[in-house]
$ cat start_14.json   # JSON, C-alpha atoms (C1' of nucleotides)
[["chain", "number", "residue", "atom", "x", "y", "z"],
["A", 264, "MET", "CA", 0.00, 0.00, 0.00],
["A", 265, "GLN", "CA", 0.89, 3.56, -0.66],
["A", 266, "ILE", "CA", 1.28, 6.46, 1.76],
["A", 267, "SER", "CA", -0.01, 9.60, 0.07],
["A", 268, "ASP", "CA", 1.54, 13.05, 0.35],
["A", 269, "ALA", "CA", -0.96, 14.32, 2.89],
["A", 270, "GLU", "CA", -0.69, 11.13, 4.88],
["A", 271, "SER", "CA", 3.08, 11.41, 4.96],
["A", 272, "ILE", "CA", 2.78, 14.73, 6.78],
["A", 273, "VAL", "CA", 0.99, 12.91, 9.56],
["A", 274, "MET", "CA", 3.57, 10.14, 9.46],
["A", 275, "ASP", "CA", 6.32, 12.74, 9.80],
["A", 276, "THR", "CA", 4.80, 13.88, 13.06],
["A", 277, "LEU", "CA", 4.67, 10.34, 14.37],
["A", 278, "TRP", "CA", 8.13, 9.51, 13.16],
["A", 279, "GLU", "CA", 9.44, 12.43, 15.11],
["A", 280, "ARG", "CA", 7.70, 11.44, 18.31],
["A", 281, "SER", "CA", 5.26, 8.71, 19.22],
["A", 282, "PRO", "CA", 2.90, 7.55, 20.46],
["A", 283, "LEU", "CA", 0.74, 10.63, 20.13],
["A", 284, "ALA", "CA", -2.94, 11.36, 20.59],
["A", 285, "ALA", "CA", -4.95, 12.72, 17.66],
["A", 286, "GLU", "CA", -5.04, 16.04, 19.45],
["A", 287, "ASP", "CA", -1.26, 16.27, 19.42],
["A", 288, "ILE", "CA", -1.07, 15.42, 15.76],
["A", 289, "VAL", "CA", -3.66, 18.04, 14.99],
["A", 290, "ALA", "CA", -1.68, 20.55, 17.02],
["A", 291, "ALA", "CA", 1.50, 19.68, 15.16],
["A", 292, "THR", "CA", 0.10, 19.70, 11.63],
["A", 293, "ALA", "CA", -3.10, 21.70, 11.39],
["A", 294, "GLU", "CA", -1.52, 25.14, 11.73],
["A", 295, "ALA", "CA", 1.35, 24.44, 9.36],
["A", 296, "GLN", "CA", -0.86, 22.75, 6.76],
["A", 297, "GLY", "CA", -4.00, 24.80, 7.14],
["A", 298, "TRP", "CA", -5.96, 21.66, 7.91],
["A", 299, "GLN", "CA", -9.15, 21.30, 9.89],
["A", 300, "GLU", "CA", -8.93, 18.72, 12.60],
["A", 301, "ALA", "CA", -11.46, 16.62, 10.71],
["A", 302, "THR", "CA", -8.91, 16.32, 7.95],
["A", 303, "VAL", "CA", -6.30, 14.95, 10.31],
["A", 304, "LYS", "CA", -8.83, 12.48, 11.69],
["A", 305, "THR", "CA", -9.53, 11.24, 8.19],
["A", 306, "LEU", "CA", -5.85, 10.82, 7.45],
["A", 307, "LEU", "CA", -5.33, 8.91, 10.69],
["A", 308, "ASN", "CA", -8.14, 6.57, 9.76],
["A", 309, "ARG", "CA", -6.78, 5.97, 6.31],
["A", 310, "LEU", "CA", -3.35, 5.27, 7.74],
["A", 311, "LEU", "CA", -4.91, 2.79, 10.15],
["A", 312, "THR", "CA", -6.71, 1.06, 7.31],
["A", 313, "LYS", "CA", -3.46, 0.86, 5.43],
["A", 314, "LYS", "CA", -1.74, -0.54, 8.50],
["A", 315, "ALA", "CA", 0.82, 2.22, 8.33],
["A", 316, "ILE", "CA", 0.09, 3.12, 11.93],
["A", 317, "ALA", "CA", -1.43, 1.41, 14.94],
["A", 318, "ALA", "CA", -3.62, 2.80, 17.68],
["A", 319, "GLU", "CA", -3.80, 1.69, 21.27],
["A", 320, "ARG", "CA", -6.47, 2.79, 23.62],
["A", 321, "ASP", "CA", -5.53, 5.24, 26.33],
["A", 322, "GLY", "CA", -8.62, 5.97, 28.34],
["A", 323, "ARG", "CA", -11.14, 7.50, 26.03],
["A", 324, "ARG", "CA", -8.68, 8.35, 23.31],
["A", 325, "TYR", "CA", -6.18, 6.51, 21.19],
["A", 326, "LEU", "CA", -2.46, 6.86, 21.00],
["A", 327, "TYR", "CA", -1.05, 6.40, 17.53],
["A", 328, "ARG", "CA", 2.33, 5.09, 16.54],
["A", 329, "PRO", "CA", 3.94, 4.26, 13.21],
["A", 330, "LEU", "CA", 4.06, 0.69, 12.00],
["A", 331, "VAL", "CA", 6.22, 1.45, 9.00],
["A", 332, "GLN", "CA", 9.72, 2.76, 9.54],
["A", 333, "ARG", "CA", 10.59, 6.10, 8.13],
["A", 334, "SER", "CA", 13.66, 4.61, 6.54],
["A", 335, "ASP", "CA", 11.52, 2.06, 4.71],
["A", 336, "TYR", "CA", 9.26, 4.77, 3.39],
["A", 337, "VAL", "CA", 12.20, 6.94, 2.38],
["A", 338, "HIS", "CA", 13.84, 4.00, 0.74],
["A", 339, "ALA", "CA", 10.79, 3.02, -1.26],
["A", 340, "ALA", "CA", 10.24, 6.56, -2.48],
["A", 341, "SER", "CA", 13.89, 7.14, -3.31],
["A", 342, "THR", "CA", 14.32, 3.84, -5.07],
["A", 343, "SER", "CA", 11.21, 4.44, -7.11],
["A", 344, "LEU", "CA", 12.44, 7.84, -8.24],
["A", 345, "LEU", "CA", 15.92, 6.57, -8.92],
["A", 346, "ASP", "CA", 14.59, 3.66, -10.93],
["A", 347, "ARG", "CA", 12.25, 5.79, -12.99],
["A", 348, "LEU", "CA", 14.58, 8.65, -13.69],
["A", 349, "PHE", "CA", 18.15, 7.56, -13.17],
["A", 350, "ASP", "CA", 18.21, 3.94, -14.16],
["A", 351, "GLY", "CA", 18.39, 2.95, -10.51],
["A", 352, "ARG", "CA", 21.76, 4.58, -9.95],
["A", 353, "VAL", "CA", 22.71, 7.18, -7.36],
["A", 354, "ALA", "CA", 25.63, 8.65, -9.25],
["A", 355, "PRO", "CA", 23.56, 9.92, -12.19],
["A", 356, "LEU", "CA", 21.30, 11.75, -9.76],
["A", 357, "VAL", "CA", 24.27, 13.50, -8.25],
["A", 358, "ALA", "CA", 25.54, 14.23, -11.73],
["A", 359, "HIS", "CA", 22.20, 15.75, -12.61],
["A", 360, "PHE", "CA", 22.32, 18.16, -9.69],
["A", 361, "SER", "CA", 25.87, 18.92, -10.53],
["A", 362, "GLU", "CA", 25.00, 19.82, -14.11],
["A", 363, "GLN", "CA", 22.20, 22.00, -12.86],
["A", 364, "ARG", "CA", 24.68, 23.79, -10.59],
["A", 365, "LYS", "CA", 22.55, 22.80, -7.67],
["A", 366, "LEU", "CA", 25.33, 21.46, -5.51],
["A", 367, "THR", "CA", 26.55, 23.87, -2.89],
["A", 368, "LYS", "CA", 30.09, 23.79, -1.60],
["A", 369, "LYS", "CA", 28.72, 22.17, 1.50],
["A", 370, "ASP", "CA", 27.06, 19.44, -0.56],
["A", 371, "ILE", "CA", 30.31, 18.71, -2.29],
["A", 372, "ALA", "CA", 32.26, 18.68, 0.94],
["A", 373, "ASP", "CA", 29.66, 16.40, 2.52],
["A", 374, "LEU", "CA", 29.74, 14.04, -0.40],
["A", 375, "LYS", "CA", 33.50, 13.92, -0.40],
["A", 376, "ARG", "CA", 33.63, 13.11, 3.29],
["A", 377, "LEU", "CA", 30.89, 10.54, 2.84],
["A", 378, "ILE", "CA", 32.69, 8.74, 0.06],
["A", 379, "GLY", "CA", 35.80, 8.71, 2.19],
["A", 380, "GLU", "CA", 33.90, 7.16, 5.07],
["A", 381, "ILE", "CA", 32.28, 4.57, 2.89],
["A", 382, "GLU", "CA", 35.59, 3.60, 1.39],
["A", 383, "ASP", "CA", 37.40, 2.88, 4.59],
["A", 384, "GLY", "CA", 34.53, 2.26, 6.97],
["A", 385, "GLY", "CA", 32.57, -0.08, 4.69],
["B", 49, "MET", "CA", 0.80, 21.32, -14.17],
["B", 50, "GLN", "CA", 1.86, 17.86, -13.28],
["B", 51, "ILE", "CA", 2.94, 15.02, -15.55],
["B", 52, "SER", "CA", 1.50, 11.79, -14.15],
["B", 53, "ASP", "CA", 3.26, 8.43, -14.07],
["B", 54, "ALA", "CA", 1.47, 7.03, -17.09],
["B", 55, "GLU", "CA", 1.97, 10.26, -18.99],
["B", 56, "SER", "CA", 5.68, 10.20, -18.24],
["B", 57, "ILE", "CA", 5.97, 6.88, -20.08],
["B", 58, "VAL", "CA", 4.70, 8.61, -23.18],
["B", 59, "MET", "CA", 7.04, 11.52, -22.55],
["B", 60, "ASP", "CA", 9.96, 9.11, -22.27],
["B", 61, "THR", "CA", 9.25, 7.90, -25.75],
["B", 62, "LEU", "CA", 9.19, 11.43, -27.08],
["B", 63, "TRP", "CA", 12.25, 12.46, -25.16],
["B", 64, "GLU", "CA", 14.12, 9.65, -26.75],
["B", 65, "ARG", "CA", 13.08, 10.56, -30.26],
["B", 66, "SER", "CA", 10.74, 13.13, -31.70],
["B", 67, "PRO", "CA", 8.63, 14.14, -33.43],
["B", 68, "LEU", "CA", 6.65, 10.93, -33.56],
["B", 69, "ALA", "CA", 3.21, 9.97, -34.81],
["B", 70, "ALA", "CA", 0.72, 8.46, -32.38],
["B", 71, "GLU", "CA", 1.19, 5.16, -34.12],
["B", 72, "ASP", "CA", 4.88, 5.17, -33.26],
["B", 73, "ILE", "CA", 4.21, 6.00, -29.65],
["B", 74, "VAL", "CA", 1.68, 3.22, -29.44],
["B", 75, "ALA", "CA", 4.21, 0.85, -30.95],
["B", 76, "ALA", "CA", 6.84, 1.91, -28.46],
["B", 77, "THR", "CA", 4.71, 1.78, -25.35],
["B", 78, "ALA", "CA", 1.70, -0.45, -25.80],
["B", 79, "GLU", "CA", 3.56, -3.74, -25.77],
["B", 80, "ALA", "CA", 5.78, -2.88, -22.82],
["B", 81, "GLN", "CA", 2.95, -1.39, -20.79],
["B", 82, "GLY", "CA", 0.10, -3.60, -21.85],
["B", 83, "TRP", "CA", -1.85, -0.58, -23.03],
["B", 84, "GLN", "CA", -4.57, -0.41, -25.62],
["B", 85, "GLU", "CA", -3.94, 2.21, -28.23],
["B", 86, "ALA", "CA", -6.95, 4.12, -26.92],
["B", 87, "THR", "CA", -5.07, 4.58, -23.69],
["B", 88, "VAL", "CA", -2.12, 6.12, -25.46],
["B", 89, "LYS", "CA", -4.48, 8.43, -27.35],
["B", 90, "THR", "CA", -5.95, 9.64, -24.08],
["B", 91, "LEU", "CA", -2.54, 10.26, -22.59],
["B", 92, "LEU", "CA", -1.47, 12.22, -25.65],
["B", 93, "ASN", "CA", -4.54, 14.38, -25.35],
["B", 94, "ARG", "CA", -3.98, 15.04, -21.69],
["B", 95, "LEU", "CA", -0.38, 15.96, -22.38],
["B", 96, "LEU", "CA", -1.55, 18.34, -25.10],
["B", 97, "THR", "CA", -4.01, 19.94, -22.69],
["B", 98, "LYS", "CA", -1.24, 20.34, -20.15],
["B", 99, "LYS", "CA", 0.98, 21.84, -22.82],
["B", 100, "ALA", "CA", 3.62, 19.25, -22.07],
["B", 101, "ILE", "CA", 3.73, 18.31, -25.75],
["B", 102, "ALA", "CA", 2.80, 19.94, -29.03],
["B", 103, "ALA", "CA", 1.35, 18.46, -32.19],
["B", 104, "GLU", "CA", 1.91, 19.57, -35.71],
["B", 105, "ARG", "CA", -0.11, 18.32, -38.61],
["B", 106, "ASP", "CA", 1.55, 15.95, -41.01],
["B", 107, "GLY", "CA", -0.96, 15.04, -43.67],
["B", 108, "ARG", "CA", -3.81, 13.28, -41.97],
["B", 109, "ARG", "CA", -1.98, 12.61, -38.75],
["B", 110, "TYR", "CA", -0.14, 14.61, -36.15],
["B", 111, "LEU", "CA", 3.46, 14.50, -35.14],
["B", 112, "TYR", "CA", 4.06, 15.02, -31.45],
["B", 113, "ARG", "CA", 7.05, 16.53, -29.74],
["B", 114, "PRO", "CA", 7.85, 17.44, -26.14],
["B", 115, "LEU", "CA", 7.46, 21.01, -24.98],
["B", 116, "VAL", "CA", 8.98, 20.36, -21.57],
["B", 117, "GLN", "CA", 12.60, 19.28, -21.35],
["B", 118, "ARG", "CA", 13.34, 15.99, -19.75],
["B", 119, "SER", "CA", 15.91, 17.66, -17.54],
["B", 120, "ASP", "CA", 13.27, 20.06, -16.24],
["B", 121, "TYR", "CA", 10.95, 17.22, -15.42],
["B", 122, "VAL", "CA", 13.71, 15.23, -13.78],
["B", 123, "HIS", "CA", 14.81, 18.24, -11.84],
["B", 124, "ALA", "CA", 11.34, 19.05, -10.56],
["B", 125, "ALA", "CA", 10.74, 15.47, -9.47],
["B", 126, "SER", "CA", 14.16, 15.10, -7.86],
["B", 127, "THR", "CA", 14.02, 18.41, -6.05],
["B", 128, "SER", "CA", 10.57, 17.62, -4.75],
["B", 129, "LEU", "CA", 11.71, 14.29, -3.34],
["B", 130, "LEU", "CA", 14.90, 15.73, -1.92],
["B", 131, "ASP", "CA", 13.00, 18.55, -0.26],
["B", 132, "ARG", "CA", 10.40, 16.28, 1.24],
["B", 133, "LEU", "CA", 12.68, 13.54, 2.45],
["B", 134, "PHE", "CA", 16.22, 14.83, 2.71],
["B", 135, "ASP", "CA", 15.86, 18.44, 3.67],
["B", 136, "GLY", "CA", 16.77, 19.46, 0.14],
["B", 137, "ARG", "CA", 20.27, 18.01, 0.35],
["B", 138, "VAL", "CA", 21.90, 15.50, -1.97],
["B", 139, "ALA", "CA", 24.42, 14.18, 0.52],
["B", 140, "PRO", "CA", 21.82, 12.78, 2.95],
["B", 141, "LEU", "CA", 20.27, 10.86, 0.10],
["B", 142, "VAL", "CA", 23.58, 9.29, -0.73],
["B", 143, "ALA", "CA", 24.11, 8.60, 2.96],
["B", 144, "HIS", "CA", 20.75, 6.89, 3.11],
["B", 145, "PHE", "CA", 21.61, 4.51, 0.29],
["B", 146, "SER", "CA", 24.95, 3.93, 1.87],
["B", 147, "GLU", "CA", 23.36, 2.95, 5.19],
["B", 148, "GLN", "CA", 21.02, 0.62, 3.38],
["B", 149, "ARG", "CA", 24.03, -1.02, 1.71],
["B", 150, "LYS", "CA", 22.53, -0.12, -1.59],
["B", 151, "LEU", "CA", 25.62, 1.42, -3.10],
["B", 152, "THR", "CA", 27.50, -0.89, -5.40],
["B", 153, "LYS", "CA", 31.23, -0.62, -5.90],
["B", 154, "LYS", "CA", 30.46, 0.96, -9.22],
["B", 155, "ASP", "CA", 28.26, 3.57, -7.58],
["B", 156, "ILE", "CA", 31.02, 4.45, -5.17],
["B", 157, "ALA", "CA", 33.61, 4.61, -7.92],
["B", 158, "ASP", "CA", 31.31, 6.75, -10.04],
["B", 159, "LEU", "CA", 30.62, 9.09, -7.19],
["B", 160, "LYS", "CA", 34.29, 9.41, -6.37],
["B", 161, "ARG", "CA", 35.16, 10.25, -9.93],
["B", 162, "LEU", "CA", 32.26, 12.67, -10.14],
["B", 163, "ILE", "CA", 33.31, 14.55, -7.03],
["B", 164, "GLY", "CA", 36.78, 14.77, -8.43],
["B", 165, "GLU", "CA", 35.48, 16.21, -11.69],
["B", 166, "ILE", "CA", 33.27, 18.69, -9.92],
["B", 167, "GLU", "CA", 36.13, 19.84, -7.74],
["B", 168, "ASP", "CA", 38.57, 20.66, -10.48],
["B", 169, "GLY", "CA", 36.28, 21.11, -13.45],
["B", 170, "GLY", "CA", 33.61, 23.20, -11.77],
["C", 187, "DC", "C1'", -18.84, 8.92, -55.57],
["C", 188, "DG", "C1'", -19.67, 5.85, -51.88],
["C", 189, "DT", "C1'", -17.54, 2.68, -48.64],
["C", 190, "DT", "C1'", -13.92, 1.57, -45.57],
["C", 191, "DA", "C1'", -10.03, 2.42, -42.86],
["C", 192, "DT", "C1'", -7.41, 5.55, -40.14],
["C", 193, "DT", "C1'", -6.63, 8.84, -36.78],
["C", 194, "DG", "C1'", -8.00, 12.22, -33.55],
["C", 195, "DT", "C1'", -11.93, 13.74, -30.07],
["C", 196, "DT", "C1'", -15.39, 12.89, -26.68],
["C", 197, "DT", "C1'", -17.31, 10.34, -23.20],
["C", 198, "DA", "C1'", -17.00, 6.86, -19.43],
["C", 199, "DC", "C1'", -16.05, 4.94, -15.12],
["C", 200, "DG", "C1'", -13.97, 3.26, -10.86],
["C", 201, "DC", "C1'", -10.40, 4.42, -7.57],
["C", 202, "DG", "C1'", -7.40, 7.16, -4.61],
["C", 203, "DT", "C1'", -6.74, 11.63, -2.68],
["C", 204, "DG", "C1'", -7.45, 16.11, -0.43],
["C", 205, "DT", "C1'", -10.50, 18.17, 2.24],
["C", 206, "DA", "C1'", -14.08, 18.26, 5.44],
["C", 207, "DA", "C1'", -18.84, 17.89, 7.82],
["C", 208, "DT", "C1'", -21.84, 15.03, 10.33],
["C", 209, "DC", "C1'", -23.01, 11.13, 13.15],
["C", 210, "DG", "C1'", -22.58, 8.08, 16.98],
["C", 211, "DT", "C1'", -20.73, 6.66, 21.19],
["C", 212, "DT", "C1'", -18.68, 7.02, 25.43],
["C", 213, "DA", "C1'", -17.19, 9.50, 29.38],
["C", 214, "DG", "C1'", -17.62, 13.48, 32.44],
["C", 215, "DT", "C1'", -20.58, 16.72, 34.93],
["C", 216, "DT", "C1'", -24.49, 18.30, 37.54],
["D", 196, "DA", "C1'", -29.92, 9.54, 35.62],
["D", 197, "DA", "C1'", -29.87, 13.20, 32.08],
["D", 198, "DC", "C1'", -27.09, 16.41, 29.60],
["D", 199, "DT", "C1'", -23.11, 17.73, 27.39],
["D", 200, "DA", "C1'", -18.54, 17.45, 25.71],
["D", 201, "DA", "C1'", -14.95, 14.82, 23.56],
["D", 202, "DC", "C1'", -13.40, 11.80, 20.35],
["D", 203, "DG", "C1'", -13.47, 8.38, 16.80],
["D", 204, "DA", "C1'", -16.23, 6.52, 12.70],
["D", 205, "DT", "C1'", -18.98, 7.30, 8.75],
["D", 206, "DT", "C1'", -20.29, 9.75, 4.89],
["D", 207, "DA", "C1'", -19.44, 13.30, 1.31],
["D", 208, "DC", "C1'", -17.70, 15.30, -2.70],
["D", 209, "DA", "C1'", -14.85, 17.14, -6.40],
["D", 210, "DC", "C1'", -10.74, 16.19, -8.94],
["D", 211, "DG", "C1'", -7.01, 13.75, -11.22],
["D", 212, "DC", "C1'", -5.57, 9.41, -12.96],
["D", 213, "DG", "C1'", -5.50, 4.88, -15.28],
["D", 214, "DT", "C1'", -7.81, 2.65, -18.46],
["D", 215, "DA", "C1'", -10.53, 2.32, -22.38],
["D", 216, "DA", "C1'", -14.69, 2.36, -25.58],
["D", 217, "DA", "C1'", -17.48, 5.02, -28.70],
["D", 218, "DC", "C1'", -17.82, 8.61, -31.91],
["D", 219, "DA", "C1'", -16.48, 11.80, -35.57],
["D", 220, "DA", "C1'", -13.97, 13.40, -39.29],
["D", 221, "DT", "C1'", -11.15, 12.74, -43.04],
["D", 222, "DA", "C1'", -8.52, 10.43, -46.39],
["D", 223, "DA", "C1'", -7.82, 6.33, -49.34],
["D", 224, "DC", "C1'", -9.64, 2.89, -52.33],
["D", 225, "DG", "C1'", -12.57, 0.64, -55.35]]

$ encode --input "start_14.json" --output "structure tokens"
Amino acid sequence: MQISDAESIVMDTLWERSPLAAEDIVAATAEAQGWQEATVKTLLNRLLTKKAIAAERDGRRYLYRPLVQRSDYVHAASTSLLDRLFDGRVAPLVAHFSEQRKLTKKDIADLKRLIGEIEDGG
Amino acid sequence: MQISDAESIVMDTLWERSPLAAEDIVAATAEAQGWQEATVKTLLNRLLTKKAIAAERDGRRYLYRPLVQRSDYVHAASTSLLDRLFDGRVAPLVAHFSEQRKLTKKDIADLKRLIGEIEDGG
DNA sequence: CGTTATTGTTTACGCGTGTAATCGTTAGTT
DNA sequence: AACTAACGATTACACGCGTAAACAATAACG
């Protein structure tokens, strides 16, 4: 199953801290997204149906927590994009940003350090 | 406007070679995708409406060509993913694949060479 | 010149999504 | 015990998308 864009905003909240009550998730997302609380409730329900989150009773309310790992979600989305656009390879994506002059000095420094770490660390 | 997944398959064909007649696009995509030619026709029309492609008459048929560059499309999609999942930075994406052990030796070699080129070439 | 084939245009339809209101149920409150 | 507030569940609805059939127009062929 697929986590939609709007749903992923809710997931972000739960990935950052969980378990949370619906109220907390509303507080964390509604302002930033301009959502009514009913919207958040709907998204929570859809995520439950999709088994992307679980709810456990806590008195009269539920506390929600993620069932899917953020890293799994990130990986699926990244792999899908890489496969579709860059033949599954990371290097061509970096090359693309390089060609577009979208790599800052910091990016380049980070990448350089990273490659170094990968090479000796494994 | 947004180019959908199915539409991007048609765009791929046109990015590879253009202009093409509908017949050619059907030939190139229908088999691989399991599409009826009617489906391709619909996608072409939606792409025309979105101004993602243009058509010029060629006798009784039309020849289609892309109006949006592949690199623009790729850039929009990549930037969107990077922004949503990696705080807009390339290095964290590479780090993610590294953590997941999804970088092959070739990837690492490519990246190393690329960083080298960027550093002295600009 | 009428019939057929070709190619583009219009219409269709179910599903997921974004967005939200309303309903129902349960727990407090008086 | 009745009333109200809180919270989750159900229902709603328009829009884009994937998928395709039906229709229309035009050109080719006999």

$ closest_atom_pairs --input "start_14.json" --of "chain D" --to "chain B" --cutoff "9 Å" --atoms "all atoms listed in the file" --output "CSV"
residue,atom,partner,partner_atom,distance
D:DC212,C1',B:Ser52,CA,7.6
D:DG213,C1',B:Ala54,CA,7.5
D:DT214,C1',B:Thr87,CA,6.2
D:DA215,C1',B:Thr87,CA,6.1
D:DA216,C1',B:Ala86,CA,8.0
D:DT221,C1',B:Arg108,CA,7.4
D:DA222,C1',B:Arg108,CA,7.1

$ interface_residues --input "start_14.json" --of "chain A" --to "chain B" --cutoff "10 Å" --atoms "all atoms listed in the file" --output "VMD selection string"
chain A and resid 268 271 to 272 275 333 to 338 340 to 342 344 to 345 347 to 349 352 to 379 381 to 382 385

$ atom_distance --input "start_14.json" --atom1 "atom CA of B:Trp63" --atom2 "atom CA of B:Ser128"
21.1 Å

$ atom_distance --input "start_14.json" --atom1 "atom C1' of D:DT205" --atom2 "atom C1' of C:DC209"
7.1 Å

$ closest_atom_pairs --input "start_14.json" --of "chain C" --to "chain B" --cutoff "9 Å" --atoms "only C-alpha atoms (C1' of nucleotides)" --output "tab-separated table"
residue	atom	partner	partner_atom	distance
C:DT192	C1'	B:Arg108	CA	8.7
C:DT193	C1'	B:Arg109	CA	6.3
C:DG194	C1'	B:Arg109	CA	8.0
C:DT195	C1'	B:Asn93	CA	8.8

$ atom_distance --input "start_14.json" --atom1 "atom C1' of C:DT212" --atom2 "atom CA of A:Thr312"
22.5 Å

$ closest_residue --input "start_14.json" --among "A:Arg320, A:Glu279, A:Ile288, A:Ala295" --to "D:DG203" --atoms "all atoms listed in the file"
A:Arg320

$ closest_residue --input "start_14.json" --among "D:DC218, D:DC224, D:DC202, D:DA209" --to "C:DT197" --atoms "all atoms listed in the file"
D:DC218

$ closest_residue --input "start_14.json" --among "D:DA196, D:DC208, D:DA201, D:DA220" --to "C:DA213" --atoms "all atoms listed in the file"
D:DA201

$ closest_residue --input "start_14.json" --among "A:Leu311, A:Ala339, A:Ile316, A:Ala293" --to "A:Leu277" --atoms "all atoms listed in the file"
A:Ile316

$ decode --input "start_14.json" --residues "stretch 198-214 of chain C" --atoms "N, CA and C atoms (P, O5', C5', C4', C3', O3' and C1' of nucleotides)" --output "compact mmCIF listing (two decimals), in the first residue's frame"
# COMPACT_ATOMS: atom_id res chain seq x y z
P DA C 198 -20.82 10.12 -21.21
O5' DA C 198 -19.79 9.02 -20.71
C5' DA C 198 -19.53 7.90 -21.53
C4' DA C 198 -18.96 6.78 -20.68
C3' DA C 198 -19.33 6.87 -19.19
O3' DA C 198 -19.60 5.57 -18.73
C1' DA C 198 -17.00 6.86 -19.43
P DC C 199 -20.52 5.36 -17.43
O5' DC C 199 -19.69 4.33 -16.53
C5' DC C 199 -18.59 3.58 -17.07
C4' DC C 199 -17.56 3.42 -15.98
C3' DC C 199 -18.04 3.89 -14.59
O3' DC C 199 -17.58 2.98 -13.64
C1' DC C 199 -16.05 4.94 -15.12
P DG C 200 -18.38 2.71 -12.27
O5' DG C 200 -17.32 1.88 -11.41
C5' DG C 200 -16.35 1.04 -12.05
C4' DG C 200 -15.00 1.23 -11.39
C3' DG C 200 -15.06 1.44 -9.87
O3' DG C 200 -13.97 0.74 -9.30
C1' DG C 200 -13.97 3.26 -10.86
P DC C 201 -13.79 0.52 -7.76
O5' DC C 201 -12.42 1.29 -7.44
C5' DC C 201 -11.29 1.12 -8.29
C4' DC C 201 -10.24 2.11 -7.88
C3' DC C 201 -10.23 2.39 -6.37
O3' DC C 201 -8.89 2.30 -5.92
C1' DC C 201 -10.40 4.42 -7.57
P DG C 202 -8.52 2.27 -4.40
O5' DG C 202 -7.71 3.63 -4.23
C5' DG C 202 -6.54 3.81 -5.02
C4' DG C 202 -6.09 5.24 -4.90
C3' DG C 202 -5.88 5.73 -3.47
O3' DG C 202 -4.65 6.42 -3.48
C1' DG C 202 -7.40 7.16 -4.61
P DT C 203 -4.01 7.00 -2.18
O5' DT C 203 -4.39 8.56 -2.25
C5' DT C 203 -4.23 9.25 -3.46
C4' DT C 203 -4.71 10.67 -3.29
C3' DT C 203 -4.53 11.25 -1.88
O3' DT C 203 -3.80 12.45 -2.02
C1' DT C 203 -6.74 11.63 -2.68
P DG C 204 -3.27 13.22 -0.73
O5' DG C 204 -4.21 14.51 -0.68
C5' DG C 204 -4.35 15.34 -1.81
C4' DG C 204 -5.39 16.40 -1.51
C3' DG C 204 -5.29 17.04 -0.13
O3' DG C 204 -5.47 18.44 -0.26
C1' DG C 204 -7.45 16.11 -0.43
P DT C 205 -5.30 19.36 1.01
O5' DT C 205 -6.78 19.48 1.59
C5' DT C 205 -7.81 20.05 0.80
C4' DT C 205 -9.13 19.79 1.45
C3' DT C 205 -9.16 20.02 2.97
O3' DT C 205 -9.73 21.29 3.26
C1' DT C 205 -10.50 18.17 2.24
P DA C 206 -9.86 21.75 4.79
O5' DA C 206 -11.22 21.06 5.27
C5' DA C 206 -12.38 21.29 4.45
C4' DA C 206 -13.49 20.37 4.85
C3' DA C 206 -13.90 20.47 6.33
O3' DA C 206 -15.08 21.24 6.38
C1' DA C 206 -14.08 18.26 5.44
P DA C 207 -15.64 21.73 7.75
O5' DA C 207 -17.07 20.98 7.76
C5' DA C 207 -17.82 20.95 6.56
C4' DA C 207 -18.95 19.94 6.68
C3' DA C 207 -19.76 20.05 7.97
O3' DA C 207 -21.13 19.78 7.66
C1' DA C 207 -18.84 17.89 7.82
P DT C 208 -22.24 19.97 8.81
O5' DT C 208 -22.61 18.47 9.21
C5' DT C 208 -22.99 17.58 8.18
C4' DT C 208 -23.10 16.17 8.75
C3' DT C 208 -23.92 16.07 10.05
O3' DT C 208 -24.76 14.94 9.92
C1' DT C 208 -21.84 15.03 10.33
P DC C 209 -25.96 14.68 10.92
O5' DC C 209 -25.54 13.27 11.50
C5' DC C 209 -25.06 12.28 10.58
C4' DC C 209 -24.49 11.11 11.35
C3' DC C 209 -25.29 10.77 12.61
O3' DC C 209 -25.45 9.36 12.62
C1' DC C 209 -23.01 11.13 13.15
P DG C 210 -26.43 8.68 13.66
O5' DG C 210 -25.41 7.98 14.65
C5' DG C 210 -24.33 7.24 14.10
C4' DG C 210 -23.41 6.79 15.21
C3' DG C 210 -24.10 6.36 16.50
O3' DG C 210 -23.36 5.27 16.99
C1' DG C 210 -22.58 8.08 16.98
P DT C 211 -23.96 4.25 18.05
O5' DT C 211 -22.83 4.16 19.17
C5' DT C 211 -21.45 4.20 18.77
C4' DT C 211 -20.62 4.75 19.89
C3' DT C 211 -21.07 4.36 21.30
O3' DT C 211 -19.92 4.01 22.03
C1' DT C 211 -20.73 6.66 21.19
P DT C 212 -19.95 2.82 23.12
O5' DT C 212 -18.88 3.33 24.19
C5' DT C 212 -17.75 4.06 23.71
C4' DT C 212 -17.48 5.24 24.61
C3' DT C 212 -17.75 4.99 26.10
O3' DT C 212 -16.63 5.45 26.80
C1' DT C 212 -18.68 7.02 25.43
P DA C 213 -16.30 4.85 28.27
O5' DA C 213 -15.72 6.16 28.95
C5' DA C 213 -15.03 7.10 28.12
C4' DA C 213 -15.20 8.48 28.70
C3' DA C 213 -15.26 8.52 30.22
O3' DA C 213 -14.61 9.70 30.62
C1' DA C 213 -17.19 9.50 29.38
P DG C 214 -13.75 9.64 31.98
O5' DG C 214 -13.85 11.17 32.43
C5' DG C 214 -15.14 11.57 32.77
C4' DG C 214 -15.34 13.00 32.39
C3' DG C 214 -15.60 13.80 33.64
O3' DG C 214 -15.37 15.18 33.38
C1' DG C 214 -17.62 13.48 32.44
